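With compact mmCIF, C-alpha atoms inside, this is query02.txt:
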```
# COMPACT_ATOMS: atom_id res chain seq x y z
CA MET A 1 -41.71 8.15 -29.37
CA ASN A 2 -43.70 11.09 -28.03
CA THR A 3 -41.50 13.99 -29.19
CA GLU A 4 -43.59 16.66 -27.49
CA ALA A 5 -43.20 14.98 -24.11
CA LEU A 6 -39.47 14.64 -24.67
CA LYS A 7 -39.13 18.30 -25.62
CA ASP A 8 -41.09 19.35 -22.57
CA LEU A 9 -38.70 17.39 -20.35
CA LEU A 10 -35.58 18.72 -22.11
CA TYR A 11 -36.67 22.35 -22.06
CA LYS A 12 -37.28 22.54 -18.35
CA MET A 13 -33.97 20.86 -17.53
CA ALA A 14 -31.98 22.97 -19.98
CA ASP A 15 -33.60 26.17 -18.72
CA ASP A 16 -32.87 25.23 -15.09
CA GLN A 17 -29.20 24.70 -15.92
CA LEU A 18 -28.88 27.88 -17.94
CA ILE A 19 -30.53 30.16 -15.40
CA LEU A 20 -28.78 28.76 -12.34
CA GLY A 21 -25.55 28.73 -14.35
CA HIS A 22 -26.01 32.43 -14.95
CA ARG A 23 -26.80 33.12 -11.30
CA ASN A 24 -23.68 31.18 -10.27
CA SER A 25 -21.59 33.27 -12.65
CA GLU A 26 -22.71 36.39 -10.79
CA TRP A 27 -20.45 35.22 -7.95
CA THR A 28 -17.39 35.60 -10.17
CA GLY A 29 -15.28 38.26 -8.52
CA PHE A 30 -17.56 38.46 -5.47
CA GLY A 31 -17.13 35.15 -3.64
CA PRO A 32 -16.59 35.32 0.13
CA LEU A 33 -13.34 33.34 -0.36
CA LEU A 34 -11.23 32.94 -3.46
CA GLU A 35 -11.99 29.19 -3.46
CA GLU A 36 -15.73 29.87 -3.38
CA ASP A 37 -15.43 32.43 -6.13
CA ILE A 38 -13.74 29.75 -8.26
CA ALA A 39 -16.22 27.06 -7.19
CA PHE A 40 -19.32 29.03 -8.18
CA SER A 41 -17.63 30.14 -11.41
CA SER A 42 -16.72 26.53 -12.27
CA MET A 43 -20.22 25.32 -11.50
CA ALA A 44 -21.53 28.12 -13.72
CA GLN A 45 -19.34 26.90 -16.57
CA ASP A 46 -20.49 23.30 -16.05
CA LYS A 47 -24.15 24.23 -15.94
CA VAL A 48 -24.12 26.52 -18.95
CA GLY A 49 -22.20 23.82 -20.87
CA GLN A 50 -24.76 21.21 -19.81
CA SER A 51 -27.63 23.47 -20.87
CA TRP A 52 -25.97 23.90 -24.28
CA GLN A 53 -25.82 20.11 -24.70
CA LEU A 54 -29.49 19.76 -23.73
CA TYR A 55 -30.47 22.56 -26.15
CA LYS A 56 -28.38 20.73 -28.77
CA ILE A 57 -30.56 17.65 -28.37
CA LEU A 58 -33.61 19.91 -28.78
CA ASN A 59 -31.97 21.38 -31.87
CA ASP A 60 -31.58 17.85 -33.29
CA LEU A 61 -35.31 17.39 -32.62
CA GLY A 62 -36.10 20.41 -34.78
CA GLU A 63 -35.94 23.36 -32.35
CA SER A 64 -33.83 26.46 -33.09
CA ASP A 65 -30.09 26.44 -32.45
CA PRO A 66 -28.91 26.62 -28.82
CA ASP A 67 -27.87 30.30 -28.87
CA THR A 68 -31.16 31.45 -30.34
CA VAL A 69 -33.16 29.38 -27.88
CA ALA A 70 -31.08 30.63 -24.94
CA PHE A 71 -30.97 34.30 -25.85
CA MET A 72 -34.10 35.11 -27.82
CA ARG A 73 -36.95 33.99 -25.60
CA ASN A 74 -38.77 36.11 -23.06
CA ALA A 75 -39.36 35.14 -19.44
CA ASP A 76 -42.82 33.67 -20.10
CA GLN A 77 -41.28 31.23 -22.60
CA PHE A 78 -38.87 29.79 -20.04
CA HIS A 79 -39.64 26.55 -18.20
CA ASN A 80 -37.17 26.76 -15.33
CA CYS A 81 -38.43 26.42 -11.77
CA GLN A 82 -38.58 29.72 -9.88
CA LEU A 83 -35.94 28.55 -7.39
CA VAL A 84 -33.12 29.06 -9.91
CA GLU A 85 -34.11 32.57 -10.95
CA LEU A 86 -34.20 34.08 -7.45
CA PRO A 87 -31.40 36.59 -6.88
CA ASN A 88 -28.23 35.25 -5.27
CA GLY A 89 -28.84 37.16 -2.05
CA GLU A 90 -26.17 36.58 0.54
CA TYR A 91 -23.82 33.62 0.35
CA ASP A 92 -26.01 31.61 2.75
CA PHE A 93 -28.94 31.77 0.35
CA SER A 94 -26.83 30.85 -2.69
CA LEU A 95 -25.35 27.96 -0.77
CA ILE A 96 -28.64 26.49 0.41
CA ARG A 97 -30.15 26.86 -3.06
CA HIS A 98 -27.09 25.16 -4.56
CA PHE A 99 -27.47 22.31 -2.05
CA LEU A 100 -31.20 21.83 -2.62
CA PHE A 101 -30.97 22.08 -6.40
CA ASP A 102 -27.86 20.00 -7.00
CA THR A 103 -29.04 17.23 -4.67
CA ALA A 104 -32.06 16.92 -6.98
CA GLU A 105 -29.93 17.23 -10.11
CA LEU A 106 -27.61 14.41 -9.19
CA ILE A 107 -30.55 12.07 -8.64
CA ARG A 108 -32.30 13.34 -11.78
CA PHE A 109 -29.37 12.69 -14.09
CA THR A 110 -28.59 9.37 -12.43
CA MET A 111 -32.18 8.34 -13.22
CA LEU A 112 -31.93 9.75 -16.74
CA ALA A 113 -28.86 7.64 -17.47
CA ASN A 114 -31.47 4.90 -18.03
CA SER A 115 -33.73 7.01 -20.25
CA SER A 116 -35.28 5.26 -23.22
CA TYR A 117 -34.08 8.14 -25.41
CA GLU A 118 -30.48 7.24 -26.03
CA PRO A 119 -28.97 10.69 -26.75
CA LEU A 120 -30.38 11.86 -23.41
CA ALA A 121 -29.17 8.75 -21.57
CA LEU A 122 -25.64 9.24 -22.92
CA LEU A 123 -25.55 12.91 -21.99
CA ALA A 124 -27.00 12.18 -18.54
CA LYS A 125 -24.17 9.73 -17.85
CA LYS A 126 -21.73 12.53 -18.56
CA ILE A 127 -23.59 15.16 -16.56
CA LYS A 128 -24.07 13.01 -13.46
CA GLY A 129 -20.28 12.64 -13.13
CA GLU A 130 -19.93 16.42 -13.21
CA ILE A 131 -22.81 17.17 -10.84
CA LYS A 132 -21.28 14.81 -8.33
CA TYR A 133 -18.64 17.47 -7.73
CA HIS A 134 -21.33 20.11 -7.26
CA LYS A 135 -23.14 17.98 -4.71
CA MET A 136 -19.89 17.18 -2.93
CA HIS A 137 -19.10 20.88 -2.71
CA ALA A 138 -22.55 21.72 -1.34
CA ASP A 139 -22.47 18.91 1.23
CA ILE A 140 -19.08 19.97 2.60
CA TRP A 141 -20.23 23.55 3.21
CA ILE A 142 -23.69 22.73 4.53
CA LYS A 143 -22.19 20.28 7.01
CA GLN A 144 -19.54 22.77 8.06
CA LEU A 145 -21.60 25.96 8.28
CA GLY A 146 -24.73 24.14 9.44
CA SER A 147 -22.94 23.17 12.64
CA ALA A 148 -20.49 26.05 13.10
CA THR A 149 -21.46 29.26 14.88
CA GLU A 150 -24.79 30.55 16.09
CA GLU A 151 -24.76 33.11 13.29
CA SER A 152 -23.95 30.64 10.51
CA ILE A 153 -26.65 28.23 11.67
CA GLU A 154 -29.25 30.96 12.05
CA ARG A 155 -28.52 32.50 8.66
CA LEU A 156 -28.55 29.16 6.87
CA GLN A 157 -31.79 28.15 8.58
CA GLU A 158 -33.47 31.40 7.59
CA SER A 159 -32.43 30.96 3.96
CA PHE A 160 -33.44 27.31 4.11
CA ASN A 161 -36.95 28.27 5.21
CA ILE A 162 -37.26 30.77 2.36
CA ALA A 163 -35.80 28.48 -0.31
CA PHE A 164 -37.64 25.29 0.65
CA PRO A 165 -41.09 25.97 -0.89
CA TYR A 166 -39.31 27.09 -4.07
CA ALA A 167 -37.21 23.92 -4.01
CA LEU A 168 -40.42 21.88 -3.89
CA GLY A 169 -41.32 23.71 -7.11
CA ILE A 170 -38.48 21.86 -8.88
CA PHE A 171 -40.83 18.88 -8.93
CA GLU A 172 -43.86 20.61 -10.44
CA PRO A 173 -45.33 17.90 -12.64
CA SER A 174 -45.20 18.39 -16.37
CA GLN A 175 -48.30 18.63 -18.50
CA MET A 176 -47.11 15.43 -20.11
CA GLU A 177 -45.86 13.72 -16.96
CA GLU A 178 -47.75 10.52 -17.72
CA GLU A 179 -46.39 10.26 -21.27
CA ILE A 180 -42.87 10.99 -20.03
CA ILE A 181 -43.09 8.15 -17.52
CA ASN A 182 -44.92 5.70 -19.78
CA GLU A 183 -42.42 6.14 -22.58
CA GLY A 184 -39.55 5.46 -20.21
CA LEU A 185 -38.04 8.88 -20.88
CA PHE A 186 -37.82 9.67 -17.18
CA GLU A 187 -39.18 8.04 -14.03
CA GLY A 188 -41.04 11.21 -13.07
CA GLU A 189 -40.96 14.16 -10.70
CA GLU A 190 -42.84 12.46 -7.86
CA LYS A 191 -40.29 9.68 -7.61
CA LEU A 192 -37.44 12.18 -7.86
CA LYS A 193 -38.93 14.27 -5.07
CA ALA A 194 -39.13 11.32 -2.67
CA ALA A 195 -35.51 10.37 -3.33
CA TRP A 196 -34.48 14.01 -2.98
CA LEU A 197 -36.15 14.46 0.40
CA ALA A 198 -34.30 11.42 1.71
CA LYS A 199 -30.93 12.71 0.48
CA VAL A 200 -31.53 16.22 1.79
CA SER A 201 -32.46 14.82 5.23
CA GLU A 202 -29.37 12.65 5.26
CA ILE A 203 -27.12 15.72 5.16
CA ILE A 204 -29.31 18.04 7.25
CA ASP A 205 -29.43 15.41 10.02
CA LYS A 206 -25.67 15.83 10.40
CA THR A 207 -26.06 19.54 11.15
CA SER A 208 -27.89 21.76 13.63
CA LEU A 209 -30.34 22.76 10.89
CA THR A 210 -33.97 21.68 10.80
CA LEU A 211 -35.69 20.44 7.69
CA PRO A 212 -38.98 22.33 7.19
CA GLU A 213 -41.89 19.87 7.22
CA ALA A 214 -42.50 19.21 3.52
CA SER A 215 -46.18 18.30 3.92
CA LEU A 216 -46.92 21.66 5.60
CA GLN A 217 -45.39 23.69 2.76
CA THR A 218 -47.08 25.02 -0.33
CA PRO A 219 -44.72 24.36 -3.23
CA VAL A 220 -44.08 27.38 -5.45
CA TYR A 221 -45.32 26.18 -8.82
CA GLY A 222 -45.74 27.92 -12.16
CA GLY A 223 -42.17 28.09 -13.44
CA ARG A 224 -42.57 24.99 -15.61
CA TYR A 225 -45.49 26.72 -17.35
CA GLY A 226 -43.88 30.11 -17.92
CA THR A 227 -44.98 31.89 -14.73
CA HIS A 228 -41.99 33.61 -13.18
CA THR A 229 -41.00 36.13 -10.57
CA ASP A 230 -39.99 39.63 -11.61
CA ASN A 231 -36.37 38.55 -11.27
CA LEU A 232 -36.18 36.51 -14.45
CA GLN A 233 -36.66 39.10 -17.20
CA PRO A 234 -33.85 41.42 -15.98
CA LEU A 235 -31.55 38.37 -15.83
CA LEU A 236 -32.44 37.45 -19.42
CA ASP A 237 -31.96 41.04 -20.59
CA GLU A 238 -28.49 41.13 -19.13
CA MET A 239 -27.54 37.66 -20.36
CA SER A 240 -28.61 38.35 -23.94
CA GLU A 241 -27.35 41.92 -24.22
CA VAL A 242 -24.34 41.14 -26.42
CA PHE A 243 -26.16 38.57 -28.52
CA LYS A 244 -28.96 41.01 -29.25
CA MET A 245 -26.52 43.73 -30.23
CA ASP A 246 -24.73 41.47 -32.69
CA PRO A 247 -26.09 37.92 -33.13
CA ALA A 248 -23.12 37.00 -35.37
CA ALA A 249 -20.48 38.15 -32.89
CA ASP A 250 -17.80 35.53 -32.25
CA TRP A 251 -15.47 35.47 -29.28
CA MET B 1 4.28 6.49 -55.39
CA VAL B 2 1.73 6.94 -52.65
CA SER B 3 1.64 4.47 -49.79
CA LYS B 4 -1.77 3.45 -48.56
CA LEU B 5 -3.17 5.59 -45.75
CA THR B 6 -3.73 3.71 -42.52
CA GLU B 7 -5.54 4.46 -39.26
CA ASP B 8 -2.21 4.19 -37.45
CA GLN B 9 -0.72 6.84 -39.70
CA ILE B 10 -3.55 9.23 -38.84
CA LYS B 11 -3.14 8.46 -35.16
CA THR B 12 0.55 9.39 -35.40
CA TRP B 13 -0.33 12.72 -37.03
CA LEU B 14 -2.75 13.45 -34.19
CA ASP B 15 0.07 13.08 -31.67
CA GLU B 16 0.98 16.67 -32.32
CA VAL B 17 -2.46 17.96 -31.35
CA LYS B 18 -2.31 18.94 -27.69
CA ASP B 19 -4.88 19.88 -25.10
CA PRO B 20 -4.86 23.70 -25.40
CA GLU B 21 -5.07 24.06 -21.63
CA ILE B 22 -2.40 21.42 -20.89
CA PRO B 23 0.03 21.77 -23.80
CA VAL B 24 2.12 18.73 -22.79
CA LEU B 25 -0.78 16.33 -23.21
CA SER B 26 -1.69 15.04 -26.68
CA LEU B 27 -5.30 14.21 -27.50
CA ASN B 28 -4.21 10.60 -28.00
CA ASP B 29 -2.80 10.48 -24.48
CA LEU B 30 -5.77 12.36 -23.02
CA GLY B 31 -7.96 9.58 -24.43
CA VAL B 32 -10.50 11.76 -26.21
CA ILE B 33 -9.88 10.28 -29.66
CA THR B 34 -12.29 7.36 -29.56
CA GLY B 35 -12.12 6.18 -33.15
CA ILE B 36 -10.33 6.66 -36.45
CA THR B 37 -11.85 5.04 -39.53
CA ILE B 38 -11.08 5.19 -43.22
CA GLU B 39 -14.18 4.39 -45.21
CA ASP B 40 -14.11 2.54 -48.54
CA SER B 41 -14.60 5.85 -50.33
CA GLY B 42 -11.40 7.10 -48.71
CA LYS B 43 -13.29 9.40 -46.34
CA VAL B 44 -11.59 9.78 -42.97
CA ARG B 45 -13.72 9.90 -39.85
CA VAL B 46 -12.30 10.84 -36.47
CA ASP B 47 -14.52 10.38 -33.41
CA MET B 48 -13.91 12.43 -30.29
CA THR B 49 -15.62 12.56 -26.91
CA PRO B 50 -15.69 15.57 -24.56
CA THR B 51 -13.96 15.37 -21.20
CA PHE B 52 -16.52 17.72 -19.59
CA ALA B 53 -19.82 18.74 -21.23
CA GLY B 54 -18.94 22.42 -20.84
CA CYS B 55 -15.24 22.20 -21.65
CA PRO B 56 -14.47 25.27 -23.76
CA ALA B 57 -11.34 23.60 -25.15
CA MET B 58 -13.30 20.94 -27.06
CA ASP B 59 -14.09 23.19 -30.03
CA VAL B 60 -10.42 24.15 -30.26
CA MET B 61 -9.36 20.50 -30.12
CA GLN B 62 -11.85 19.62 -32.84
CA SER B 63 -10.63 22.34 -35.18
CA ASP B 64 -6.99 21.48 -34.43
CA VAL B 65 -7.67 17.90 -35.53
CA GLU B 66 -9.32 19.22 -38.71
CA GLU B 67 -6.29 21.43 -39.39
CA VAL B 68 -3.89 18.49 -39.13
CA LEU B 69 -6.00 16.39 -41.50
CA LYS B 70 -6.16 19.23 -44.01
CA ARG B 71 -2.44 19.87 -43.80
CA GLU B 72 -1.69 16.21 -44.42
CA GLY B 73 -3.67 16.45 -47.63
CA ILE B 74 -6.88 14.73 -46.54
CA GLU B 75 -9.74 16.38 -48.38
CA ASP B 76 -12.68 14.24 -47.42
CA PHE B 77 -13.00 14.01 -43.64
CA GLU B 78 -15.37 14.43 -40.73
CA VAL B 79 -14.53 15.02 -37.08
CA VAL B 80 -17.45 14.01 -34.89
CA LEU B 81 -17.87 14.98 -31.23
CA SER B 82 -20.26 12.71 -29.37
CA PHE B 83 -21.00 11.06 -26.04
CA ALA B 84 -21.35 7.62 -27.63
CA THR B 85 -18.08 6.54 -26.04
CA GLN B 86 -17.85 8.19 -22.64
CA TRP B 87 -14.57 9.64 -21.51
CA ASN B 88 -13.30 8.94 -18.02
CA SER B 89 -9.98 9.83 -16.47
CA ASN B 90 -8.76 6.21 -16.55
CA MET B 91 -8.47 6.71 -20.31
CA ILE B 92 -5.42 8.97 -19.90
CA SER B 93 -2.44 6.89 -21.05
CA GLU B 94 0.62 6.11 -18.91
CA LYS B 95 2.60 8.46 -21.13
CA GLY B 96 -0.04 11.11 -20.53
CA ARG B 97 0.03 10.58 -16.77
CA ALA B 98 3.81 11.01 -16.74
CA ALA B 99 3.50 14.18 -18.82
CA LEU B 100 0.91 15.61 -16.42
CA LYS B 101 3.13 14.97 -13.43
CA LYS B 102 6.11 16.60 -15.13
CA PHE B 103 3.88 19.57 -15.95
CA GLY B 104 3.14 19.89 -12.20
CA LEU B 105 -0.37 18.49 -12.30
CA ALA B 106 -1.10 15.41 -10.20
CA PRO B 107 -2.50 12.71 -12.51
CA PRO B 108 -6.04 11.57 -11.59
CA PRO B 109 -6.13 8.54 -9.28
CA LYS B 110 -7.18 5.39 -11.13
CA HIS B 111 -10.65 4.32 -10.08
CA ASN B 112 -13.25 1.63 -10.58
CA LEU B 113 -15.69 4.23 -11.96
CA ILE B 114 -16.88 5.10 -8.46
CA VAL B 115 -15.69 8.62 -7.77
CA ASP B 116 -16.27 9.71 -4.20
CA ILE B 117 -14.76 12.22 -1.83
CA GLU B 118 -12.16 9.82 -0.40
CA LEU B 119 -10.79 9.26 -3.87
CA ILE B 120 -10.47 12.95 -4.65
CA GLU B 121 -9.02 13.92 -1.32
CA HIS B 122 -6.07 11.57 -1.63
CA ALA B 123 -3.90 13.34 -4.13
CA LYS B 124 -0.20 12.66 -4.38
CA CYS B 125 1.95 15.78 -4.54
CA PRO B 126 3.49 15.99 -8.03
CA GLN B 127 6.53 17.85 -6.65
CA CYS B 128 7.65 15.68 -3.72
CA ASN B 129 5.42 12.56 -4.08
CA SER B 130 4.08 12.98 -0.55
CA GLU B 131 0.63 11.69 0.23
CA ASN B 132 0.35 13.99 3.22
CA THR B 133 -1.85 16.38 1.27
CA GLU B 134 -5.20 18.06 1.69
CA MET B 135 -7.87 18.98 -0.85
CA LYS B 136 -8.65 22.69 -0.67
CA THR B 137 -11.49 22.70 -3.18
CA PRO B 138 -12.80 20.38 -5.87
CA PHE B 139 -12.86 23.34 -8.28
CA GLY B 140 -9.75 24.81 -9.88
CA PRO B 141 -8.68 27.06 -12.74
CA ALA B 142 -10.23 24.70 -15.31
CA LEU B 143 -13.22 22.35 -15.04
CA CYS B 144 -10.90 19.35 -14.99
CA ARG B 145 -8.70 20.46 -12.07
CA SER B 146 -9.00 20.51 -8.27
CA LEU B 147 -6.81 22.42 -5.78
CA HIS B 148 -4.67 20.75 -3.10
CA TYR B 149 -1.99 21.58 -0.58
CA CYS B 150 1.05 19.49 0.33
CA HIS B 151 1.90 19.46 4.06
CA ASP B 152 5.41 18.15 3.40
CA CYS B 153 6.80 20.52 0.77
CA HIS B 154 4.29 23.26 1.69
CA GLN B 155 3.28 23.88 -1.88
CA ALA B 156 -0.16 24.26 -3.37
CA PHE B 157 -0.74 22.04 -6.38
CA GLU B 158 -3.47 21.04 -8.79
CA GLN B 159 -4.80 17.63 -9.64
CA PHE B 160 -6.44 16.51 -12.87
CA LYS B 161 -9.79 15.43 -11.42
CA PRO B 162 -10.85 11.82 -11.46
CA LEU B 163 -14.06 11.52 -13.47
```

How would this structure read if it were set down as structure tokens?
Amino acid sequence: MNTEALKDLLYKMADDQLILGHRNSEWTGFGPLLEEDIAFSSMAQDKVGQSWQLYKILNDLGESDPDTVAFMRNADQFHNCQLVELPNGEYDFSLIRHFLFDTAELIRFTMLANSSYEPLALLAKKIKGEIKYHKMHADIWIKQLGSATEESIERLQESFNIAFPYALGIFEPSQMEEEIINEGLFEGEEKLKAAWLAKVSEIIDKTSLTLPEASLQTPVYGGRYGTHTDNLQPLLDEMSEVFKMDPAADW
Amino acid sequence: MVSKLTEDQIKTWLDEVKDPEIPVLSLNDLGVITGITIEDSGKVRVDMTPTFAGCPAMDVMQSDVEEVLKREGIEDFEVVLSFATQWNSNMISEKGRAALKKFGLAPPPKHNLIVDIELIEHAKCPQCNSENTEMKTPFGPALCRSLHYCHDCHQAFEQFKPL
């Protein structure tokens, strides 16, 4: 087995979950409705839990323990796509990001349930059942607000246009993409992207929203290789504040 | 005279370990104890599987199981959490389902491992048994619960999510 390729795959997925999990948690206490406050908080808890399990697999492969890996790296050592680190903005932006990201996640973990690396396949089976609820939540709101009032449609469309090139960055190919595919670890980002576009269109077609033409967009790449926006480091500083004060703290 | 320790005996001890978030539900009835083995050396191994990957109660459940084993005088034991056997909500026992309902939580609908929106939307009110209910949100006060409203008894209620 090519351990380096496997680690590369695990790191980017774990980092995506951790960072978006943290962003989701920023809605706690601020949701536009109590139910949405709870929804984003629950999804935060799921995603951070999933990232822990992915970091645990990395730990079993010889990397540091999950807390150290999560809290002690700087922005340029993170492999998450830039989409997940962008600030929450207004609810419309958070919602469209959640829709675009979790649609990809559900397909990704469904594909990974057949990974040749068994610990990952087992975890993916678990995660896909959980992400299904995230996708369901996103679909309900996109369908509702994407066909509601002029304002809701306009705001969602505007956020959609901004988020879309970043969403294409989810599928930035790994340095070891070929090894990852050849070893049967994962079927690859290109295949995921095609399936994702189809699923995104399926929901968007039921609304008054328009899907930006993917071929005319320049995907925002770099995140998988440690290039990030200025938004990531402040997020990491806040997230790791307690850990850095007292790494042995227990609560 | 010491009678020989059996897997069934250990299972009975574990009946007192409850889900910390649903204190009427034992781990046996929740279905998260996936194996109990006594090795030739006498070492006891208990296998557990998480309900949700991020469930914060799993660590508590694991240490509660360890406490019971210690208290019963088992010195050599290991409690292993893994995804090798995957939990799904069909694994909640009939006794567990009855306990959930009595607690005010609608038990998860039985499913053929295909969980879709139709399945989740159709919750039966645990107070009045009406099926004239509506899902308010798939996310509730814990990862494993969704929120619903009953149009007959006009009460909000929670359902243990099908997974």

Report task. Skip stretch 28-33 of chain A itself and residues of its chain fewer than 4 positions away, then list as a VMD selection string all residues within 12 Å of it, counting all atoms listed in the file. Result -> (chain A and resid 21 to 24 37 to 45 88 to 92 94 to 95) or (chain B and resid 136 to 137)

For B:Pro56: contacts at 10 Å, only C-alpha atoms, fewer than 5 positions along chain excluded, given as a PDB file with C-alpha atoms, in the frame of the given file:
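This went into selection11.pdb:
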```
ATOM      1  CA  GLN A  45     -19.340  26.900 -16.570  1.00  0.00           C
ATOM      2  CA  ASP A  46     -20.490  23.300 -16.050  1.00  0.00           C
ATOM      3  CA  GLY A  49     -22.200  23.820 -20.870  1.00  0.00           C
TER       4      GLY A  49
ATOM      5  CA  PRO B  20      -4.860  23.700 -25.400  1.00  0.00           C
ATOM      6  CA  GLU B  21      -5.070  24.060 -21.630  1.00  0.00           C
ATOM      7  CA  PRO B  50     -15.690  15.570 -24.560  1.00  0.00           C
ATOM      8  CA  MET B  61      -9.360  20.500 -30.120  1.00  0.00           C
ATOM      9  CA  ALA B 142     -10.230  24.700 -15.310  1.00  0.00           C
ATOM     10  CA  LEU B 143     -13.220  22.350 -15.040  1.00  0.00           C
TER      11      LEU B 143
END
```

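For the pair atom CA of A:Ala167 and atom CA of A:Leu112, the separation is 19.8 Å.
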
Do you know which residues are at most 12 Å from B:Glu67 counting all atoms listed in the file, after dropping those on the same chain fewer than 2 positions away, and could you put them as an mmCIF file with C-alpha atoms, in the frame of the given file?
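The new file around.cif reads:
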```
data_model
loop_
_atom_site.group_PDB
_atom_site.id
_atom_site.type_symbol
_atom_site.label_atom_id
_atom_site.label_comp_id
_atom_site.auth_asym_id
_atom_site.auth_seq_id
_atom_site.Cartn_x
_atom_site.Cartn_y
_atom_site.Cartn_z
ATOM 1 C CA TRP B 13 -0.330 12.720 -37.030
ATOM 2 C CA LEU B 14 -2.750 13.450 -34.190
ATOM 3 C CA GLU B 16 0.980 16.670 -32.320
ATOM 4 C CA VAL B 17 -2.460 17.960 -31.350
ATOM 5 C CA VAL B 60 -10.420 24.150 -30.260
ATOM 6 C CA MET B 61 -9.360 20.500 -30.120
ATOM 7 C CA GLN B 62 -11.850 19.620 -32.840
ATOM 8 C CA SER B 63 -10.630 22.340 -35.180
ATOM 9 C CA ASP B 64 -6.990 21.480 -34.430
ATOM 10 C CA VAL B 65 -7.670 17.900 -35.530
ATOM 11 C CA LEU B 69 -6.000 16.390 -41.500
ATOM 12 C CA LYS B 70 -6.160 19.230 -44.010
ATOM 13 C CA ARG B 71 -2.440 19.870 -43.800
ATOM 14 C CA GLU B 72 -1.690 16.210 -44.420
ATOM 15 C CA GLY B 73 -3.670 16.450 -47.630
ATOM 16 C CA ILE B 74 -6.880 14.730 -46.540
ATOM 17 C CA GLU B 75 -9.740 16.380 -48.380
ATOM 18 C CA PHE B 77 -13.000 14.010 -43.640
ATOM 19 C CA GLU B 78 -15.370 14.430 -40.730
ATOM 20 C CA VAL B 79 -14.530 15.020 -37.080
#
```

**Report entry** chain A contacts on chain B, all atoms listed in the file, 9 Å, as a ChimeraX atom specification
**Finding:** /B:51-56,83-87,115-117,136-143,147,163

Query - Distance query B:Arg97 at most 9 Å, all atoms listed in the file, self and fewer than 4 positions along chain excluded, as a list in words - result: Leu25, Asp29, Leu30, Ile92, Ser93, Lys101, Lys102, Ala106, Pro107 and Pro108 of chain B

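Put simply, atom CA of A:Thr218 is 14.3 Å away from atom CA of A:Pro173.
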
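With distances restricted to only C-alpha atoms, A:Pro219 is the closest residue to A:Pro165 from A:Ser115, A:Glu202, A:Leu209, A:Pro219.
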
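Atom CA of A:Ile131 lies 23.0 Å from atom CA of B:Phe157.
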
Within 12 Å of stretch 2-17 of chain A: each stretch 185-213 of chain A residue with its shortest pair, all atoms listed in the file, as JSON lines:
```
{"residue": "A:Leu185", "atom": "CA", "partner": "A:Leu6", "partner_atom": "CA", "distance": 7.0}
{"residue": "A:Phe186", "atom": "CA", "partner": "A:Leu9", "partner_atom": "CA", "distance": 8.4}
{"residue": "A:Glu187", "atom": "CA", "partner": "A:Leu9", "partner_atom": "CA", "distance": 11.3}
{"residue": "A:Gly188", "atom": "CA", "partner": "A:Leu9", "partner_atom": "CA", "distance": 9.8}
{"residue": "A:Glu189", "atom": "CA", "partner": "A:Leu9", "partner_atom": "CA", "distance": 10.4}
```
